[in-house]
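Trainee: Below is the file my_file-v8.pdb, with PDB, C-alpha atoms.
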ATOM      1  CA  MET D   1     -17.555  -3.390 -14.416  1.00  0.00           C
ATOM      2  CA  PRO D   2     -16.660  -3.798 -10.722  1.00  0.00           C
ATOM      3  CA  ILE D   3     -13.126  -4.625  -9.672  1.00  0.00           C
ATOM      4  CA  TYR D   4     -12.629  -7.322  -7.084  1.00  0.00           C
ATOM      5  CA  LYS D   5      -9.811  -8.210  -4.725  1.00  0.00           C
ATOM      6  CA  LYS D   6      -9.062 -11.244  -2.632  1.00  0.00           C
ATOM      7  CA  CYS D   7      -9.000 -11.110   1.182  1.00  0.00           C
ATOM      8  CA  PRO D   8      -5.362 -11.784   2.154  1.00  0.00           C
ATOM      9  CA  ARG D   9      -6.532 -13.642   5.248  1.00  0.00           C
ATOM     10  CA  CYS D  10      -9.286 -15.971   4.039  1.00  0.00           C
ATOM     11  CA  GLY D  11      -9.303 -15.562   0.248  1.00  0.00           C
ATOM     12  CA  ARG D  12     -12.914 -14.360   0.068  1.00  0.00           C
ATOM     13  CA  ARG D  13     -13.764 -12.248  -3.011  1.00  0.00           C
ATOM     14  CA  LEU D  14     -14.511  -8.603  -2.166  1.00  0.00           C
ATOM     15  CA  LEU D  15     -15.205  -5.423  -4.088  1.00  0.00           C
ATOM     16  CA  VAL D  16     -12.183  -3.085  -4.148  1.00  0.00           C
ATOM     17  CA  GLY D  17     -12.571  -0.570  -1.325  1.00  0.00           C
ATOM     18  CA  ASN D  18     -14.320  -3.055   0.978  1.00  0.00           C
ATOM     19  CA  THR D  19     -12.659  -4.930   3.792  1.00  0.00           C
ATOM     20  CA  CYS D  20     -13.313  -8.448   4.967  1.00  0.00           C
ATOM     21  CA  ASP D  21     -14.545  -8.953   8.495  1.00  0.00           C
ATOM     22  CA  CYS D  22     -13.303 -12.553   8.732  1.00  0.00           C
ATOM     23  CA  PHE D  23     -10.020 -12.217  10.634  1.00  0.00           C
ATOM     24  CA  CYS D  24      -9.761 -15.960   9.894  1.00  0.00           C
ATOM     25  CA  GLY D  25     -10.967 -16.850  13.363  1.00  0.00           C
ATOM     26  CA  LYS D  26      -7.711 -15.646  14.944  1.00  0.00           C
ATOM     27  CA  PHE D  27      -9.093 -12.438  16.430  1.00  0.00           C
ATOM     28  CA  SER D  28     -12.500 -11.157  17.300  1.00  0.00           C
ATOM     29  CA  ARG D  29     -13.174  -7.664  15.933  1.00  0.00           C
ATOM     30  CA  ARG D  30     -12.788  -6.284  19.473  1.00  0.00           C
ATOM     31  CA  THR D  31      -9.373  -7.938  19.914  1.00  0.00           C
ATOM     32  CA  TYR D  32      -8.275  -6.689  16.503  1.00  0.00           C
ATOM     33  CA  GLU D  33      -9.411  -3.122  17.202  1.00  0.00           C
ATOM     34  CA  SER D  34      -7.880  -3.164  20.704  1.00  0.00           C
ATOM     35  CA  ARG D  35      -4.562  -4.339  19.331  1.00  0.00           C
ATOM     36  CA  HIS D  36      -4.498  -1.525  16.770  1.00  0.00           C
ATOM     37  CA  HIS D  37      -5.612   1.059  19.332  1.00  0.00           C
ATOM     38  CA  GLU D  38      -2.801  -0.038  21.653  1.00  0.00           C
ATOM     39  CA  TYR D  39      -0.262   0.146  18.815  1.00  0.00           C
ATOM     40  CA  ASP D  40      -1.537   3.597  17.805  1.00  0.00           C
ATOM     41  CA  THR D  41      -1.244   4.965  21.332  1.00  0.00           C
ATOM     42  CA  THR D  42       2.122   3.421  22.264  1.00  0.00           C
ATOM     43  CA  SER D  43       4.177   2.804  19.125  1.00  0.00           C
ATOM     44  CA  ARG D  44       2.958   4.530  16.000  1.00  0.00           C
ATOM     45  CA  ASP D  45       4.644   7.776  14.957  1.00  0.00           C
ATOM     46  CA  LYS D  46       2.114  10.486  15.898  1.00  0.00           C
ATOM     47  CA  ARG D  47       2.915  12.686  12.883  1.00  0.00           C
ATOM     48  CA  ALA D  48       2.531   9.726  10.520  1.00  0.00           C
ATOM     49  CA  LYS D  49      -0.753   8.715  12.169  1.00  0.00           C
ATOM     50  CA  ALA D  50      -2.120  12.255  11.807  1.00  0.00           C
ATOM     51  CA  PHE D  51      -1.040  12.324   8.163  1.00  0.00           C
ATOM     52  CA  TYR D  52      -2.632   8.960   7.317  1.00  0.00           C
ATOM     53  CA  ASP D  53      -5.892  10.200   8.861  1.00  0.00           C
ATOM     54  CA  SER D  54      -5.793  13.500   6.910  1.00  0.00           C
ATOM     55  CA  ALA D  55      -7.876  14.566   3.926  1.00  0.00           C
ATOM     56  CA  GLU D  56      -4.593  15.329   2.138  1.00  0.00           C
ATOM     57  CA  TRP D  57      -3.554  11.656   2.285  1.00  0.00           C
ATOM     58  CA  LEU D  58      -6.997  10.271   1.481  1.00  0.00           C
ATOM     59  CA  GLU D  59      -7.181  12.454  -1.639  1.00  0.00           C
ATOM     60  CA  THR D  60      -3.603  11.630  -2.695  1.00  0.00           C
ATOM     61  CA  ARG D  61      -4.165   7.905  -2.099  1.00  0.00           C
ATOM     62  CA  ALA D  62      -7.342   7.920  -4.207  1.00  0.00           C
ATOM     63  CA  ASP D  63      -5.571   9.859  -6.978  1.00  0.00           C
ATOM     64  CA  VAL D  64      -2.647   7.403  -7.085  1.00  0.00           C
ATOM     65  CA  LEU D  65      -4.912   4.339  -7.146  1.00  0.00           C
ATOM     66  CA  ALA D  66      -6.901   5.879 -10.011  1.00  0.00           C
ATOM     67  CA  LEU D  67      -3.700   6.936 -11.805  1.00  0.00           C
ATOM     68  CA  ASP D  68      -2.510   3.312 -11.653  1.00  0.00           C
ATOM     69  CA  ASP D  69      -5.941   1.916 -12.634  1.00  0.00           C
ATOM     70  CA  TYR D  70      -6.210   0.132  -9.255  1.00  0.00           C
ATOM     71  CA  THR D  71      -3.498  -2.249 -10.485  1.00  0.00           C
ATOM     72  CA  ASP D  72      -0.666  -3.682  -8.384  1.00  0.00           C
ATOM     73  CA  LEU D  73       2.252  -2.307 -10.401  1.00  0.00           C
ATOM     74  CA  TYR D  74       4.870  -4.417  -8.583  1.00  0.00           C
ATOM     75  CA  ALA D  75       3.109  -7.724  -9.334  1.00  0.00           C
ATOM     76  CA  LEU D  76       2.494  -6.661 -12.923  1.00  0.00           C
ATOM     77  CA  ALA D  77       6.155  -5.685 -13.461  1.00  0.00           C
ATOM     78  CA  THR D  78       7.715  -8.667 -11.686  1.00  0.00           C
ATOM     79  CA  THR D  79       5.352 -11.529 -12.566  1.00  0.00           C
ATOM     80  CA  GLY D  80       3.121 -10.203 -15.334  1.00  0.00           C
ATOM     81  CA  ILE D  81       0.088 -11.015 -13.183  1.00  0.00           C
ATOM     82  CA  VAL D  82      -2.640  -8.394 -12.886  1.00  0.00           C
ATOM     83  CA  LEU D  83      -3.783  -7.957  -9.282  1.00  0.00           C
ATOM     84  CA  ALA D  84      -6.130  -5.352  -7.856  1.00  0.00           C
ATOM     85  CA  ALA D  85      -4.356  -2.709  -5.778  1.00  0.00           C
ATOM     86  CA  ASP D  86      -5.851  -1.618  -2.478  1.00  0.00           C
ATOM     87  CA  THR D  87      -2.760  -0.055  -0.886  1.00  0.00           C
ATOM     88  CA  VAL D  88      -0.569   2.923  -1.754  1.00  0.00           C
ATOM     89  CA  HIS D  89       3.039   2.462  -0.636  1.00  0.00           C
ATOM     90  CA  HIS D  90       5.646   5.160   0.023  1.00  0.00           C
ATOM     91  CA  ILE D  91       8.798   4.037  -1.802  1.00  0.00           C
ATOM     92  CA  ILE D  92      10.847   6.310   0.485  1.00  0.00           C
ATOM     93  CA  PRO D  93       9.035   5.948   3.835  1.00  0.00           C
ATOM     94  CA  LEU D  94       7.583   8.940   5.680  1.00  0.00           C
ATOM     95  CA  ARG D  95      10.046   8.578   8.545  1.00  0.00           C
ATOM     96  CA  GLU D  96      12.942   8.938   6.097  1.00  0.00           C
ATOM     97  CA  ASP D  97      11.630  11.873   4.045  1.00  0.00           C
ATOM     98  CA  TYR D  98       8.374  13.416   5.233  1.00  0.00           C
ATOM     99  CA  SER D  99       8.542  16.070   2.501  1.00  0.00           C
ATOM    100  CA  ARG D 100       7.788  13.365  -0.122  1.00  0.00           C
ATOM    101  CA  ARG D 101       4.601  12.225   1.603  1.00  0.00           C
ATOM    102  CA  CYS D 102       2.355  13.237  -1.341  1.00  0.00           C
ATOM    103  CA  ASP D 103       4.932  13.098  -4.145  1.00  0.00           C
ATOM    104  CA  ARG D 104       3.266  10.829  -6.698  1.00  0.00           C
ATOM    105  CA  SER D 105       6.666   9.671  -7.998  1.00  0.00           C
ATOM    106  CA  ASN D 106       7.266   8.286  -4.476  1.00  0.00           C
ATOM    107  CA  LEU D 107       3.941   6.415  -4.356  1.00  0.00           C
ATOM    108  CA  ILE D 108       3.049   3.064  -5.910  1.00  0.00           C
ATOM    109  CA  SER D 109      -0.221   1.121  -5.940  1.00  0.00           C
ATOM    110  CA  LEU D 110       0.045  -2.384  -4.501  1.00  0.00           C
ATOM    111  CA  SER D 111      -2.053  -5.313  -3.348  1.00  0.00           C
ATOM    112  CA  ALA D 112      -1.870  -6.232   0.340  1.00  0.00           C
ATOM    113  CA  GLN D 113       0.222  -9.278  -0.596  1.00  0.00           C
ATOM    114  CA  SER D 114       2.818  -7.258  -2.534  1.00  0.00           C
ATOM    115  CA  HIS D 115       2.919  -4.610   0.184  1.00  0.00           C
ATOM    116  CA  SER D 116       3.678  -7.269   2.790  1.00  0.00           C
ATOM    117  CA  THR D 117       6.421  -8.734   0.579  1.00  0.00           C
ATOM    118  CA  ILE D 118       7.991  -5.314   0.031  1.00  0.00           C
ATOM    119  CA  GLU D 119       7.903  -4.451   3.739  1.00  0.00           C
ATOM    120  CA  GLN D 120       9.741  -7.709   4.498  1.00  0.00           C
ATOM    121  CA  ILE D 121      12.418  -6.903   1.895  1.00  0.00           C
ATOM    122  CA  TYR D 122      12.781  -3.396   3.386  1.00  0.00           C
ATOM    123  CA  LYS D 123      14.119  -5.010   6.589  1.00  0.00           C
ATOM    124  CA  ASP D 124      17.421  -5.718   4.788  1.00  0.00           C
ATOM    125  CA  PRO D 125      19.099  -2.317   4.168  1.00  0.00           C
ATOM    126  CA  ALA D 126      20.981  -3.368   1.019  1.00  0.00           C
ATOM    127  CA  ALA D 127      17.959  -5.096  -0.510  1.00  0.00           C
ATOM    128  CA  LYS D 128      15.794  -2.109   0.430  1.00  0.00           C
ATOM    129  CA  ILE D 129      17.904   0.342  -1.580  1.00  0.00           C
ATOM    130  CA  GLU D 130      17.824  -1.874  -4.663  1.00  0.00           C
ATOM    131  CA  LEU D 131      14.074  -2.469  -4.342  1.00  0.00           C
ATOM    132  CA  GLN D 132      13.446   1.264  -3.959  1.00  0.00           C
ATOM    133  CA  ARG D 133      15.287   1.827  -7.254  1.00  0.00           C
ATOM    134  CA  GLN D 134      13.197  -0.884  -8.914  1.00  0.00           C
ATOM    135  CA  LEU D 135       9.922   0.523  -7.563  1.00  0.00           C
ATOM    136  CA  ALA D 136      10.789   4.051  -8.730  1.00  0.00           C
ATOM    137  CA  ALA D 137      11.617   2.683 -12.198  1.00  0.00           C
ATOM    138  CA  ILE D 138       8.312   0.750 -12.303  1.00  0.00           C
ATOM    139  CA  VAL D 139       6.384   3.913 -11.457  1.00  0.00           C
ATOM    140  CA  GLU D 140       8.295   5.945 -14.032  1.00  0.00           C
ATOM    141  CA  ARG D 141       7.743   3.347 -16.785  1.00  0.00           C
ATOM    142  CA  HIS D 142       4.048   2.950 -16.027  1.00  0.00           C
ATOM    143  CA  ARG D 143       3.176   6.611 -15.654  1.00  0.00           C
ATOM    144  CA  GLY D 144       5.624   7.774 -18.333  1.00  0.00           C
ATOM    145  CA  HIS D 145       3.982   5.363 -20.769  1.00  0.00           C
ATOM    146  CA  ARG D 146       0.636   6.967 -20.003  1.00  0.00           C
ATOM    147  CA  GLY D 147       2.032  10.481 -20.407  1.00  0.00           C
ATOM    148  CA  VAL D 148       1.352  11.374 -16.763  1.00  0.00           C
TER     149      VAL D 148
END
Using structure tokens, write down the structure from this file.
Mentor:
Amino acid sequence: MPIYKKCPRCGRRLLVGNTCDCFCGKFSRRTYESRHHEYDTTSRDKRAKAFYDSAEWLETRADVLALDDYTDLYALATTGIVLAADTVHHIIPLREDYSRRCDRSNLISLSAQSHSTIEQIYKDPAAKIELQRQLAAIVERHRGHRGV
């Protein structure tokens, strides 16, 4: 049975693994791609960019999503709602501890909506530390329950 997700921009139903090309009328595809190209060349950490483009990350990401049954563990733990996960989040970010880049205990499957929420919380240092503890505990409970 296929698993679907909702486009965070327009709400259109999509198969997990597919992306929506809507951009909600705000950006043409060219503008969107240009904006990301500019960010990649001027702002993004080069080592992180190389890692996210690597086979190592793509394999790890796929493994974590499968390990978590493509389920947003944060939404499930905090609201009890089952959402499809399409993102793998580093609990301790790459820039803080690059050695944990593929450590599955440092990775959690999330929906785009939960990932955005978590990134906003991470802007407050005190809240970030507490949320990191919560995320690690969620991962441990979920994967420990499964014997992984």
Trainee: Which residues come within 8 Å of stretch 105-112 of chain D, counting only C-alpha atoms, excluding same-chain residues fewer than 3 positions away, as a list of chain:residue names?
Mentor: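 Listing them by chain and then by number gives D:Pro8, D:Val64, D:Leu65, D:Asp68, D:Tyr70, D:Thr71, D:Asp72, D:Leu73, D:Tyr74, D:Ala75, D:Leu83, D:Ala84, D:Ala85, D:Asp86, D:Thr87, D:Val88, D:His89, D:His90, D:Ile91, D:Ile92, D:Arg100, D:Arg101, D:Cys102, D:His115, D:Ser116, D:Leu135, D:Ala136, D:Val139, D:Glu140.
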Trainee: Considering all atoms listed in the file, can you say which of D:Arg47, D:Arg104, D:Pro93, D:Thr19 comes closest to D:Ile129?
Mentor: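 Closest residue, counting all atoms listed in the file: D:Pro93.
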Trainee: Give me, please, the distance in Å between atom CA of D:Leu15 and atom CA of D:Glu119, quoted to one decimal.
Mentor: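 Result for atom CA of D:Leu15 versus atom CA of D:Glu119: 24.4 Å, one decimal.
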Trainee: Out of D:Ala62, D:Ile138, D:Leu94, D:Val16, which residue has the shortest atom-to-atom distance to D:Lys49 when counting only C-alpha atoms?
Mentor: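 Counting only C-alpha atoms, the residue closest to D:Lys49 is D:Leu94.
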Trainee: As an exercise, work out the distance from atom CA of D:Cys7 to atom CA of D:Cys20 in Å and give it to one decimal place.
Mentor: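 So the answer is 6.3 Å.
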Trainee: What is the atom CA of D:Gln134 to atom CA of D:Ala77 distance in Å?
Mentor: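 One can read the atom CA of D:Gln134 to atom CA of D:Ala77 distance as 9.7 Å.
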Trainee: Exactly which residues make up the result of the PyMOL selection byres ((chain D and resi 11) around 12) on this file, given as a VMD selection string?
Mentor: chain D and resid 4 to 10 12 to 14 19 to 24 112 to 113
